[in-house]
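Since the structure comes first, as structure tokens, the remarks are kept for the end.
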Amino acid sequence: MNAESFTGSESYLRRAHQVIPRGVNSSRRSVLRPAPLAFSGARGSRITDIDGNEYVDYVAGYGPMLLGHQPPEVVEAVRTQLAAGVLYGGQHEAEAELAERIVRMVPGAERVLLNVTGSEAVQAALRIARAATGRRKTVKFEGHYHGWIDPMTANGPGSPAGTGPAPRPMIAADHDVVGPEILVCPWNDSEALAGLLARHGADVAAVIMEPVAVNGGNLWADDGYLATARRLCERHGCLLVFDEVVTGFRLAPGGAQQRTGVTPDLTVLAKALGSGFPISAVAGRAEVMRVAEHTVGHAGTYNGNAVSVVAANATLDVLETGQDSLYPRLDRLTGELADGIARLAARHGAPLQALRAGALLRLHWGAPEPLRTYADTLAGRTAPLRDFSEHMVRNGVHARETGLWYVSTAHTDDDVDRTLAAVDRALAAISGPSAG
Ligand SMILES: Cc1ncc(COP(=O)(O)O)c(C=O)c1O
């Protein structure tokens, strides 16, 4: 399953570049090597480019395709809905059904509002937090990503503009305020958070975090860290917001908050919620969400569009009813990939580690072990990881240059075998005295 020619993708990019800046519609898509690929189709765990190369896909649409491409239950629900209309500019019954499911599945969800993208649901959550507390500031964490809308890009991967081949965001010096309302704190450092809130807590509406720092390197919180953050928020009257855009439904039916046992005041959900159909949600405690009854405006032409909502209902139905077998299987496959990569890295003498969180892997090259903080991840090297990813693509595995891999329920044991064979070949191609 080698990918040999990329001329179709290359010539498509040249054409697109005449009319689309960079030739792509999300900046980082332009950096994939050996070429930013253009695709013609995808099914299950596989994706095919316009040159006819087929790949085992771990990009998964940047995460939403937890059930793989074209899950039959979702396709069927969408097909049926298309015949009944897409957008009503009014209510339809599937909306409340979806909110009820989310309330059932996600521990912190008592009320739910729908949006379209993760970025805007983050904005809705922060607006709700400001209204509920009467305060203006937000604390975020180094390396955590909360979408592309200002000012949340501060100090996330790729900040400030989310562009460029190898972004190395600055680390906040002494928790400086980045922009007037955003305070940036190091991750996994309880004392730093306590100190920051001691100084600014009275002005802080929300402490927002990825409860597993996926974009900051796929770092689990240290034991007790989330519970400490929860307690500090209570002490200072701030709301704890979990951005579960990636981890929601992926780590467990109830996301990272189910896995860690720490319940936030507000939760942002997107990606896996819709199996690729654009939909996001902000969910939270009824008492907090009550401001959306009166004080907080919430809008969006496409909010609750019928096609995305039925796709989300079908997705959550599969995850909820199949949870006893699906999640253990995802864990097993992801574990086999992680273990296999570690084994092959050792055999090739490559300083490659694969951090694992549920059905997520994050590869790091040349970083210290164990990895705990975002600063640790910045010690890793991006150039060999990009070379490695390029060789993975050439060996039939669609994997991002950032090293973030999404595993889906459609992946099979055969996919894992093929992937590990590709890892072996990729490491053989790049390992050597100069690679370490
Ligand atoms: C944790 C997290 N939050 C928010 C977002 C933004 O979501 P979207 O790209 O749907 O706007 C992302 C996107 O990758 C994300 O990873």
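Scheme for the structure tokens: letters A, B, ... for chains in order shown; per-chain residue numbers from 1; ligand numbers from 1 in order shown.
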
Within 6 Å of ligand 1, counting only C-alpha atoms and all ligand atoms, residues as a list in words: Thr117, Gly118, Ser119, Tyr145, His146, Gly147, Glu210, Asp243, Val245 and Val246 of chain A

Create the file for the chosen residues now, containing all heavy atoms and written as a CSV table (one decimal), in the first residue's frame.
chain,number,residue,atom,x,y,z
A,117,THR,N,-19.3,25.2,15.3
A,117,THR,CA,-17.9,24.8,15.4
A,117,THR,C,-17.4,24.9,16.8
A,117,THR,O,-18.1,25.6,17.7
A,117,THR,CB,-17.0,25.8,14.6
A,117,THR,OG1,-17.0,27.1,15.2
A,117,THR,CG2,-17.4,25.9,13.1
A,118,GLY,N,-16.3,24.2,17.1
A,118,GLY,CA,-15.8,24.2,18.5
A,118,GLY,C,-15.4,25.6,18.9
A,118,GLY,O,-15.6,26.1,20.0
A,119,SER,N,-14.8,26.4,17.9
A,119,SER,CA,-14.3,27.7,18.2
A,119,SER,C,-15.4,28.6,18.7
A,119,SER,O,-15.3,29.3,19.7
A,119,SER,CB,-13.7,28.4,17.0
A,119,SER,OG,-12.6,27.7,16.6
A,145,TYR,N,-5.3,24.5,23.2
A,145,TYR,CA,-5.9,25.2,22.0
A,145,TYR,C,-7.4,25.2,22.2
A,145,TYR,O,-8.0,24.2,22.5
A,145,TYR,CB,-5.5,24.4,20.7
A,145,TYR,CG,-6.1,25.0,19.5
A,145,TYR,CD1,-5.7,26.2,19.0
A,145,TYR,CD2,-7.0,24.2,18.7
A,145,TYR,CE1,-6.3,26.7,17.8
A,145,TYR,CE2,-7.5,24.7,17.5
A,145,TYR,CZ,-7.2,26.0,17.1
A,145,TYR,OH,-7.7,26.5,15.9
A,146,HIS,N,-8.0,26.4,21.9
A,146,HIS,CA,-9.4,26.6,22.1
A,146,HIS,C,-10.0,27.2,20.8
A,146,HIS,O,-11.0,28.0,20.9
A,146,HIS,CB,-9.7,27.4,23.3
A,146,HIS,CG,-9.2,26.8,24.6
A,146,HIS,ND1,-9.6,25.6,25.1
A,146,HIS,CD2,-8.2,27.2,25.4
A,146,HIS,CE1,-8.9,25.3,26.2
A,146,HIS,NE2,-8.0,26.2,26.4
A,147,GLY,N,-9.5,26.9,19.7
A,147,GLY,CA,-10.0,27.5,18.4
A,147,GLY,C,-9.3,28.7,18.0
A,147,GLY,O,-8.4,29.2,18.6
A,210,GLU,N,-8.1,22.2,28.3
A,210,GLU,CA,-8.4,20.8,27.8
A,210,GLU,C,-8.1,19.9,29.0
A,210,GLU,O,-6.9,19.9,29.4
A,210,GLU,CB,-7.4,20.5,26.6
A,210,GLU,CG,-7.6,21.4,25.4
A,210,GLU,CD,-6.7,21.0,24.3
A,210,GLU,OE1,-6.8,19.9,23.8
A,210,GLU,OE2,-5.8,21.8,23.9
A,243,ASP,N,-12.8,22.2,27.9
A,243,ASP,CA,-12.9,22.2,26.4
A,243,ASP,C,-12.7,20.7,26.0
A,243,ASP,O,-11.6,20.2,26.0
A,243,ASP,CB,-11.8,23.1,25.8
A,243,ASP,CG,-11.9,23.1,24.3
A,243,ASP,OD1,-12.5,22.1,23.7
A,243,ASP,OD2,-11.3,24.0,23.7
A,245,VAL,N,-13.6,19.5,23.2
A,245,VAL,CA,-13.8,19.4,21.7
A,245,VAL,C,-13.2,18.1,21.1
A,245,VAL,O,-13.8,17.5,20.3
A,245,VAL,CB,-13.3,20.7,21.0
A,245,VAL,CG1,-13.2,20.5,19.5
A,245,VAL,CG2,-14.2,21.9,21.3
A,246,VAL,N,-12.0,17.8,21.6
A,246,VAL,CA,-11.3,16.6,21.2
A,246,VAL,C,-11.7,15.4,22.1
A,246,VAL,O,-12.0,14.3,21.6
A,246,VAL,CB,-9.8,16.8,21.2
A,246,VAL,CG1,-9.1,15.5,20.8
A,246,VAL,CG2,-9.4,17.8,20.1

Shell around Tyr302 (chain A) at 8 Å using only C-alpha atoms, local window under 2 positions removed, as a list in words: Leu87, Asn115, Val116, Gly300, Gly304 and Asn305 of chain A

One-decimal distance in Å that lies between CA of Arg250 (chain A) and CA of Tyr327 (chain A):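 Distance reported for this atom pair: 8.4 Å.
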
Point-to-point distance from CA of Phe39 (chain A) to CA of Gly23 (chain A), Å rounded to tenths: 13.9 Å

DSSP helix (DSSP H, G or I) residues within region 168-382 of chain A, listed as a PyMOL selection string: chain A and resi 173-175+190-203+225-236+255-260+271-274+286-289+291-294+306-321+323-348+374-378+382

Distance of CA of Asn25 (chain A) from CA of Ile182 (chain A), expressed in Å to one decimal place: 27.4 Å

Apply DSSP to the structure's backbone, then extract all residues of region 260-430 of chain A labelled strand (DSSP E) and return them as a PDB file with all heavy atoms, in the first residue's frame.
ATOM      1  N   LEU A 266     -18.895  24.121  33.027  1.00  0.00           N
ATOM      2  CA  LEU A 266     -19.288  24.215  31.615  1.00  0.00           C
ATOM      3  C   LEU A 266     -18.399  23.294  30.789  1.00  0.00           C
ATOM      4  O   LEU A 266     -17.212  23.118  31.107  1.00  0.00           O
ATOM      5  CB  LEU A 266     -19.127  25.650  31.102  1.00  0.00           C
ATOM      6  CG  LEU A 266     -20.109  26.693  31.654  1.00  0.00           C
ATOM      7  CD1 LEU A 266     -19.637  28.104  31.313  1.00  0.00           C
ATOM      8  CD2 LEU A 266     -21.522  26.458  31.108  1.00  0.00           C
ATOM      9  N   THR A 267     -18.964  22.734  29.742  1.00  0.00           N
ATOM     10  CA  THR A 267     -18.223  21.818  28.864  1.00  0.00           C
ATOM     11  C   THR A 267     -18.461  22.236  27.419  1.00  0.00           C
ATOM     12  O   THR A 267     -19.593  22.552  27.044  1.00  0.00           O
ATOM     13  CB  THR A 267     -18.751  20.377  29.007  1.00  0.00           C
ATOM     14  OG1 THR A 267     -18.652  19.969  30.370  1.00  0.00           O
ATOM     15  CG2 THR A 267     -17.974  19.405  28.132  1.00  0.00           C
ATOM     16  N   VAL A 268     -17.390  22.221  26.637  1.00  0.00           N
ATOM     17  CA  VAL A 268     -17.536  22.475  25.202  1.00  0.00           C
ATOM     18  C   VAL A 268     -17.312  21.168  24.457  1.00  0.00           C
ATOM     19  O   VAL A 268     -16.335  20.458  24.708  1.00  0.00           O
ATOM     20  CB  VAL A 268     -16.532  23.545  24.714  1.00  0.00           C
ATOM     21  CG1 VAL A 268     -16.750  23.824  23.234  1.00  0.00           C
ATOM     22  CG2 VAL A 268     -16.679  24.825  25.528  1.00  0.00           C
ATOM     23  N   LEU A 269     -18.238  20.862  23.564  1.00  0.00           N
ATOM     24  CA  LEU A 269     -18.197  19.604  22.806  1.00  0.00           C
ATOM     25  C   LEU A 269     -18.255  19.920  21.313  1.00  0.00           C
ATOM     26  O   LEU A 269     -18.896  20.894  20.906  1.00  0.00           O
ATOM     27  CB  LEU A 269     -19.404  18.733  23.184  1.00  0.00           C
ATOM     28  CG  LEU A 269     -19.503  18.354  24.665  1.00  0.00           C
ATOM     29  CD1 LEU A 269     -20.925  17.941  25.018  1.00  0.00           C
ATOM     30  CD2 LEU A 269     -18.520  17.234  24.978  1.00  0.00           C
ATOM     31  N   SER A 280     -21.522  21.681  17.264  1.00  0.00           N
ATOM     32  CA  SER A 280     -20.829  21.792  18.549  1.00  0.00           C
ATOM     33  C   SER A 280     -21.869  22.131  19.609  1.00  0.00           C
ATOM     34  O   SER A 280     -23.016  22.446  19.282  1.00  0.00           O
ATOM     35  CB  SER A 280     -19.756  22.886  18.488  1.00  0.00           C
ATOM     36  OG  SER A 280     -20.354  24.143  18.230  1.00  0.00           O
ATOM     37  N   ALA A 281     -21.431  22.058  20.853  1.00  0.00           N
ATOM     38  CA  ALA A 281     -22.375  22.333  21.938  1.00  0.00           C
ATOM     39  C   ALA A 281     -21.631  22.931  23.110  1.00  0.00           C
ATOM     40  O   ALA A 281     -20.462  22.629  23.351  1.00  0.00           O
ATOM     41  CB  ALA A 281     -23.066  21.032  22.374  1.00  0.00           C
ATOM     42  N   VAL A 282     -22.331  23.791  23.847  1.00  0.00           N
ATOM     43  CA  VAL A 282     -21.867  24.173  25.170  1.00  0.00           C
ATOM     44  C   VAL A 282     -22.912  23.644  26.142  1.00  0.00           C
ATOM     45  O   VAL A 282     -24.113  23.805  25.934  1.00  0.00           O
ATOM     46  CB  VAL A 282     -21.606  25.699  25.288  1.00  0.00           C
ATOM     47  CG1 VAL A 282     -22.760  26.533  24.803  1.00  0.00           C
ATOM     48  CG2 VAL A 282     -21.261  26.076  26.720  1.00  0.00           C
ATOM     49  N   ALA A 283     -22.414  22.941  27.148  1.00  0.00           N
ATOM     50  CA  ALA A 283     -23.317  22.291  28.101  1.00  0.00           C
ATOM     51  C   ALA A 283     -22.848  22.649  29.498  1.00  0.00           C
ATOM     52  O   ALA A 283     -21.670  22.929  29.720  1.00  0.00           O
ATOM     53  CB  ALA A 283     -23.269  20.774  27.910  1.00  0.00           C
ATOM     54  N   GLY A 284     -23.769  22.641  30.449  1.00  0.00           N
ATOM     55  CA  GLY A 284     -23.318  22.981  31.791  1.00  0.00           C
ATOM     56  C   GLY A 284     -24.384  22.842  32.834  1.00  0.00           C
ATOM     57  O   GLY A 284     -25.491  22.351  32.563  1.00  0.00           O
ATOM     58  N   LEU A 352      11.665   8.295  19.786  1.00  0.00           N
ATOM     59  CA  LEU A 352      10.257   8.543  19.457  1.00  0.00           C
ATOM     60  C   LEU A 352       9.407   7.974  20.581  1.00  0.00           C
ATOM     61  O   LEU A 352       9.566   6.817  20.959  1.00  0.00           O
ATOM     62  CB  LEU A 352       9.932   7.833  18.133  1.00  0.00           C
ATOM     63  CG  LEU A 352       8.502   7.939  17.611  1.00  0.00           C
ATOM     64  CD1 LEU A 352       8.169   9.377  17.215  1.00  0.00           C
ATOM     65  CD2 LEU A 352       8.323   7.020  16.381  1.00  0.00           C
ATOM     66  N   GLN A 353       8.525   8.781  21.143  1.00  0.00           N
ATOM     67  CA  GLN A 353       7.584   8.248  22.128  1.00  0.00           C
ATOM     68  C   GLN A 353       6.160   8.592  21.698  1.00  0.00           C
ATOM     69  O   GLN A 353       5.916   9.608  21.048  1.00  0.00           O
ATOM     70  CB  GLN A 353       7.876   8.735  23.538  1.00  0.00           C
ATOM     71  CG  GLN A 353       8.086  10.203  23.702  1.00  0.00           C
ATOM     72  CD  GLN A 353       8.315  10.576  25.172  1.00  0.00           C
ATOM     73  OE1 GLN A 353       7.619  10.106  26.056  1.00  0.00           O
ATOM     74  NE2 GLN A 353       9.293  11.430  25.414  1.00  0.00           N
ATOM     75  N   ALA A 354       5.241   7.706  22.050  1.00  0.00           N
ATOM     76  CA  ALA A 354       3.836   7.894  21.679  1.00  0.00           C
ATOM     77  C   ALA A 354       3.035   8.002  22.968  1.00  0.00           C
ATOM     78  O   ALA A 354       2.891   7.025  23.693  1.00  0.00           O
ATOM     79  CB  ALA A 354       3.355   6.717  20.837  1.00  0.00           C
ATOM     80  N   LEU A 355       2.540   9.205  23.270  1.00  0.00           N
ATOM     81  CA  LEU A 355       1.712   9.384  24.465  1.00  0.00           C
ATOM     82  C   LEU A 355       0.273   9.059  24.104  1.00  0.00           C
ATOM     83  O   LEU A 355      -0.224   9.476  23.056  1.00  0.00           O
ATOM     84  CB  LEU A 355       1.782  10.821  24.967  1.00  0.00           C
ATOM     85  CG  LEU A 355       3.102  11.332  25.511  1.00  0.00           C
ATOM     86  CD1 LEU A 355       2.870  12.587  26.338  1.00  0.00           C
ATOM     87  CD2 LEU A 355       3.799  10.290  26.337  1.00  0.00           C
ATOM     88  N   ARG A 356      -0.406   8.421  25.018  1.00  0.00           N
ATOM     89  CA  ARG A 356      -1.699   7.855  24.730  1.00  0.00           C
ATOM     90  C   ARG A 356      -2.751   8.410  25.670  1.00  0.00           C
ATOM     91  O   ARG A 356      -2.521   8.527  26.868  1.00  0.00           O
ATOM     92  CB  ARG A 356      -1.552   6.363  24.983  1.00  0.00           C
ATOM     93  CG  ARG A 356      -2.490   5.548  24.318  1.00  0.00           C
ATOM     94  CD  ARG A 356      -2.288   4.147  24.817  1.00  0.00           C
ATOM     95  NE  ARG A 356      -3.617   3.636  24.957  1.00  0.00           N
ATOM     96  CZ  ARG A 356      -3.965   2.603  25.661  1.00  0.00           C
ATOM     97  NH1 ARG A 356      -3.072   1.930  26.321  1.00  0.00           N
ATOM     98  NH2 ARG A 356      -5.213   2.232  25.709  1.00  0.00           N
ATOM     99  N   ALA A 357      -3.909   8.783  25.108  1.00  0.00           N
ATOM    100  CA  ALA A 357      -5.061   9.151  25.940  1.00  0.00           C
ATOM    101  C   ALA A 357      -6.283   8.637  25.213  1.00  0.00           C
ATOM    102  O   ALA A 357      -6.663   9.172  24.171  1.00  0.00           O
ATOM    103  CB  ALA A 357      -5.137  10.666  26.120  1.00  0.00           C
ATOM    104  N   LEU A 360      -6.453   8.306  21.293  1.00  0.00           N
ATOM    105  CA  LEU A 360      -5.612   9.390  20.782  1.00  0.00           C
ATOM    106  C   LEU A 360      -4.166   9.029  21.033  1.00  0.00           C
ATOM    107  O   LEU A 360      -3.834   8.544  22.112  1.00  0.00           O
ATOM    108  CB  LEU A 360      -5.850  10.666  21.585  1.00  0.00           C
ATOM    109  CG  LEU A 360      -7.046  11.525  21.313  1.00  0.00           C
ATOM    110  CD1 LEU A 360      -7.201  12.519  22.455  1.00  0.00           C
ATOM    111  CD2 LEU A 360      -6.873  12.252  20.000  1.00  0.00           C
ATOM    112  N   LEU A 361      -3.321   9.320  20.060  1.00  0.00           N
ATOM    113  CA  LEU A 361      -1.877   9.162  20.252  1.00  0.00           C
ATOM    114  C   LEU A 361      -1.200  10.460  19.891  1.00  0.00           C
ATOM    115  O   LEU A 361      -1.606  11.121  18.928  1.00  0.00           O
ATOM    116  CB  LEU A 361      -1.319   8.099  19.298  1.00  0.00           C
ATOM    117  CG  LEU A 361      -1.473   6.634  19.617  1.00  0.00           C
ATOM    118  CD1 LEU A 361      -0.739   5.833  18.541  1.00  0.00           C
ATOM    119  CD2 LEU A 361      -0.891   6.328  20.983  1.00  0.00           C
ATOM    120  N   ARG A 362      -0.186  10.818  20.649  1.00  0.00           N
ATOM    121  CA  ARG A 362       0.616  11.976  20.251  1.00  0.00           C
ATOM    122  C   ARG A 362       2.064  11.545  20.228  1.00  0.00           C
ATOM    123  O   ARG A 362       2.601  11.099  21.250  1.00  0.00           O
ATOM    124  CB  ARG A 362       0.407  13.116  21.234  1.00  0.00           C
ATOM    125  CG  ARG A 362       1.146  14.381  20.850  1.00  0.00           C
ATOM    126  CD  ARG A 362       0.459  15.038  19.674  1.00  0.00           C
ATOM    127  NE  ARG A 362       1.174  16.202  19.229  1.00  0.00           N
ATOM    128  CZ  ARG A 362       0.681  17.438  19.307  1.00  0.00           C
ATOM    129  NH1 ARG A 362      -0.493  17.670  19.813  1.00  0.00           N
ATOM    130  NH2 ARG A 362       1.370  18.444  18.832  1.00  0.00           N
ATOM    131  N   LEU A 363       2.678  11.648  19.065  1.00  0.00           N
ATOM    132  CA  LEU A 363       4.071  11.251  18.930  1.00  0.00           C
ATOM    133  C   LEU A 363       4.982  12.434  19.224  1.00  0.00           C
ATOM    134  O   LEU A 363       4.690  13.561  18.803  1.00  0.00           O
ATOM    135  CB  LEU A 363       4.322  10.742  17.508  1.00  0.00           C
ATOM    136  CG  LEU A 363       3.996   9.272  17.215  1.00  0.00           C
ATOM    137  CD1 LEU A 363       2.617   8.878  17.708  1.00  0.00           C
ATOM    138  CD2 LEU A 363       4.121   8.977  15.730  1.00  0.00           C
ATOM    139  N   HIS A 364       6.041  12.177  19.952  1.00  0.00           N
ATOM    140  CA  HIS A 364       7.056  13.201  20.247  1.00  0.00           C
ATOM    141  C   HIS A 364       8.414  12.637  19.883  1.00  0.00           C
ATOM    142  O   HIS A 364       8.674  11.456  20.105  1.00  0.00           O
ATOM    143  CB  HIS A 364       7.055  13.537  21.744  1.00  0.00           C
ATOM    144  CG  HIS A 364       5.785  14.187  22.219  1.00  0.00           C
ATOM    145  ND1 HIS A 364       5.593  15.537  22.181  1.00  0.00           N
ATOM    146  CD2 HIS A 364       4.651  13.658  22.736  1.00  0.00           C
ATOM    147  CE1 HIS A 364       4.396  15.829  22.664  1.00  0.00           C
ATOM    148  NE2 HIS A 364       3.795  14.712  23.009  1.00  0.00           N
ATOM    149  N   TRP A 365       9.270  13.481  19.354  1.00  0.00           N
ATOM    150  CA  TRP A 365      10.606  13.042  18.938  1.00  0.00           C
ATOM    151  C   TRP A 365      11.656  13.816  19.728  1.00  0.00           C
ATOM    152  O   TRP A 365      11.669  15.042  19.691  1.00  0.00           O
ATOM    153  CB  TRP A 365      10.803  13.296  17.448  1.00  0.00           C
ATOM    154  CG  TRP A 365      12.038  12.653  16.900  1.00  0.00           C
ATOM    155  CD1 TRP A 365      13.326  13.080  17.074  1.00  0.00           C
ATOM    156  CD2 TRP A 365      12.104  11.461  16.107  1.00  0.00           C
ATOM    157  NE1 TRP A 365      14.197  12.233  16.448  1.00  0.00           N
ATOM    158  CE2 TRP A 365      13.469  11.239  15.833  1.00  0.00           C
ATOM    159  CE3 TRP A 365      11.165  10.581  15.597  1.00  0.00           C
ATOM    160  CZ2 TRP A 365      13.916  10.160  15.073  1.00  0.00           C
ATOM    161  CZ3 TRP A 365      11.595   9.509  14.834  1.00  0.00           C
ATOM    162  CH2 TRP A 365      12.969   9.300  14.581  1.00  0.00           C
ATOM    163  N   VAL A 397       0.089   5.574   5.168  1.00  0.00           N
ATOM    164  CA  VAL A 397      -0.590   5.935   6.417  1.00  0.00           C
ATOM    165  C   VAL A 397      -0.746   7.456   6.448  1.00  0.00           C
ATOM    166  O   VAL A 397       0.243   8.187   6.411  1.00  0.00           O
ATOM    167  CB  VAL A 397       0.222   5.459   7.652  1.00  0.00           C
ATOM    168  CG1 VAL A 397      -0.426   5.963   8.937  1.00  0.00           C
ATOM    169  CG2 VAL A 397       0.309   3.933   7.662  1.00  0.00           C
ATOM    170  N   HIS A 398      -1.991   7.896   6.492  1.00  0.00           N
ATOM    171  CA  HIS A 398      -2.261   9.338   6.526  1.00  0.00           C
ATOM    172  C   HIS A 398      -2.129   9.804   7.971  1.00  0.00           C
ATOM    173  O   HIS A 398      -2.987   9.528   8.798  1.00  0.00           O
ATOM    174  CB  HIS A 398      -3.684   9.594   5.995  1.00  0.00           C
ATOM    175  CG  HIS A 398      -4.033  11.038   5.836  1.00  0.00           C
ATOM    176  ND1 HIS A 398      -5.299  11.514   6.062  1.00  0.00           N
ATOM    177  CD2 HIS A 398      -3.289  12.118   5.474  1.00  0.00           C
ATOM    178  CE1 HIS A 398      -5.325  12.809   5.834  1.00  0.00           C
ATOM    179  NE2 HIS A 398      -4.138  13.206   5.473  1.00  0.00           N
ATOM    180  N   LEU A 404      -0.160  13.971  15.981  1.00  0.00           N
ATOM    181  CA  LEU A 404      -1.430  13.674  16.660  1.00  0.00           C
ATOM    182  C   LEU A 404      -2.232  12.697  15.790  1.00  0.00           C
ATOM    183  O   LEU A 404      -2.592  13.024  14.658  1.00  0.00           O
ATOM    184  CB  LEU A 404      -2.218  14.968  16.897  1.00  0.00           C
ATOM    185  CG  LEU A 404      -3.549  14.839  17.639  1.00  0.00           C
ATOM    186  CD1 LEU A 404      -3.368  14.188  19.002  1.00  0.00           C
ATOM    187  CD2 LEU A 404      -4.191  16.222  17.818  1.00  0.00           C
ATOM    188  N   TRP A 405      -2.464  11.514  16.333  1.00  0.00           N
ATOM    189  CA  TRP A 405      -3.179  10.468  15.596  1.00  0.00           C
ATOM    190  C   TRP A 405      -4.518  10.183  16.269  1.00  0.00           C
ATOM    191  O   TRP A 405      -4.571   9.981  17.490  1.00  0.00           O
ATOM    192  CB  TRP A 405      -2.397   9.157  15.620  1.00  0.00           C
ATOM    193  CG  TRP A 405      -1.111   9.123  14.840  1.00  0.00           C
ATOM    194  CD1 TRP A 405      -0.327  10.169  14.456  1.00  0.00           C
ATOM    195  CD2 TRP A 405      -0.451   7.933  14.377  1.00  0.00           C
ATOM    196  NE1 TRP A 405       0.782   9.720  13.800  1.00  0.00           N
ATOM    197  CE2 TRP A 405       0.728   8.351  13.735  1.00  0.00           C
ATOM    198  CE3 TRP A 405      -0.737   6.571  14.457  1.00  0.00           C
ATOM    199  CZ2 TRP A 405       1.626   7.439  13.166  1.00  0.00           C
ATOM    200  CZ3 TRP A 405       0.158   5.670  13.892  1.00  0.00           C
ATOM    201  CH2 TRP A 405       1.321   6.112  13.242  1.00  0.00           C
ATOM    202  N   TYR A 406      -5.565  10.122  15.473  1.00  0.00           N
ATOM    203  CA  TYR A 406      -6.890   9.778  15.978  1.00  0.00           C
ATOM    204  C   TYR A 406      -7.239   8.355  15.539  1.00  0.00           C
ATOM    205  O   TYR A 406      -7.242   8.059  14.350  1.00  0.00           O
ATOM    206  CB  TYR A 406      -7.944  10.715  15.395  1.00  0.00           C
ATOM    207  CG  TYR A 406      -7.843  12.151  15.854  1.00  0.00           C
ATOM    208  CD1 TYR A 406      -7.179  13.102  15.076  1.00  0.00           C
ATOM    209  CD2 TYR A 406      -8.415  12.570  17.048  1.00  0.00           C
ATOM    210  CE1 TYR A 406      -7.097  14.425  15.483  1.00  0.00           C
ATOM    211  CE2 TYR A 406      -8.339  13.892  17.463  1.00  0.00           C
ATOM    212  CZ  TYR A 406      -7.687  14.814  16.673  1.00  0.00           C
ATOM    213  OH  TYR A 406      -7.611  16.123  17.077  1.00  0.00           O
TER     214      TYR A 406
END

For Glu293 (chain A), the nearest of the candidates A:Arg111, A:Arg381, A:Asn395, A:Val204, counting only C-alpha atoms: A:Arg111

Contacts of Pro211 (chain A) at 12 Å (only C-alpha atoms; same-chain gap of 4+ positions) as a ChimeraX atom specification: /A:140-141,144-146,187-188,207,215-216,218-222,225-227,229-230,240-248,251,255-264,267-268,357

Of the listed residues A:Arg28, A:Arg33, A:Arg372, A:His236, that which approaches Thr133 (chain A) most closely, counting only C-alpha atoms: A:His236

Given only C-alpha atoms as the counted atoms, nearest of A:Val288, A:Val78, A:Ile20, A:Ala3 to Asp51 (chain A):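 Once distances to Asp51 (chain A) are computed over only C-alpha atoms, the minimum belongs to A:Ala3.
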
For Met392 (chain A), the nearest of the candidates A:Asn2, A:Gln91, A:Ser40, A:Asn313, counting only C-alpha atoms: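 Of the candidates, the smallest distance to Met392 (chain A) is held by A:Asn2.
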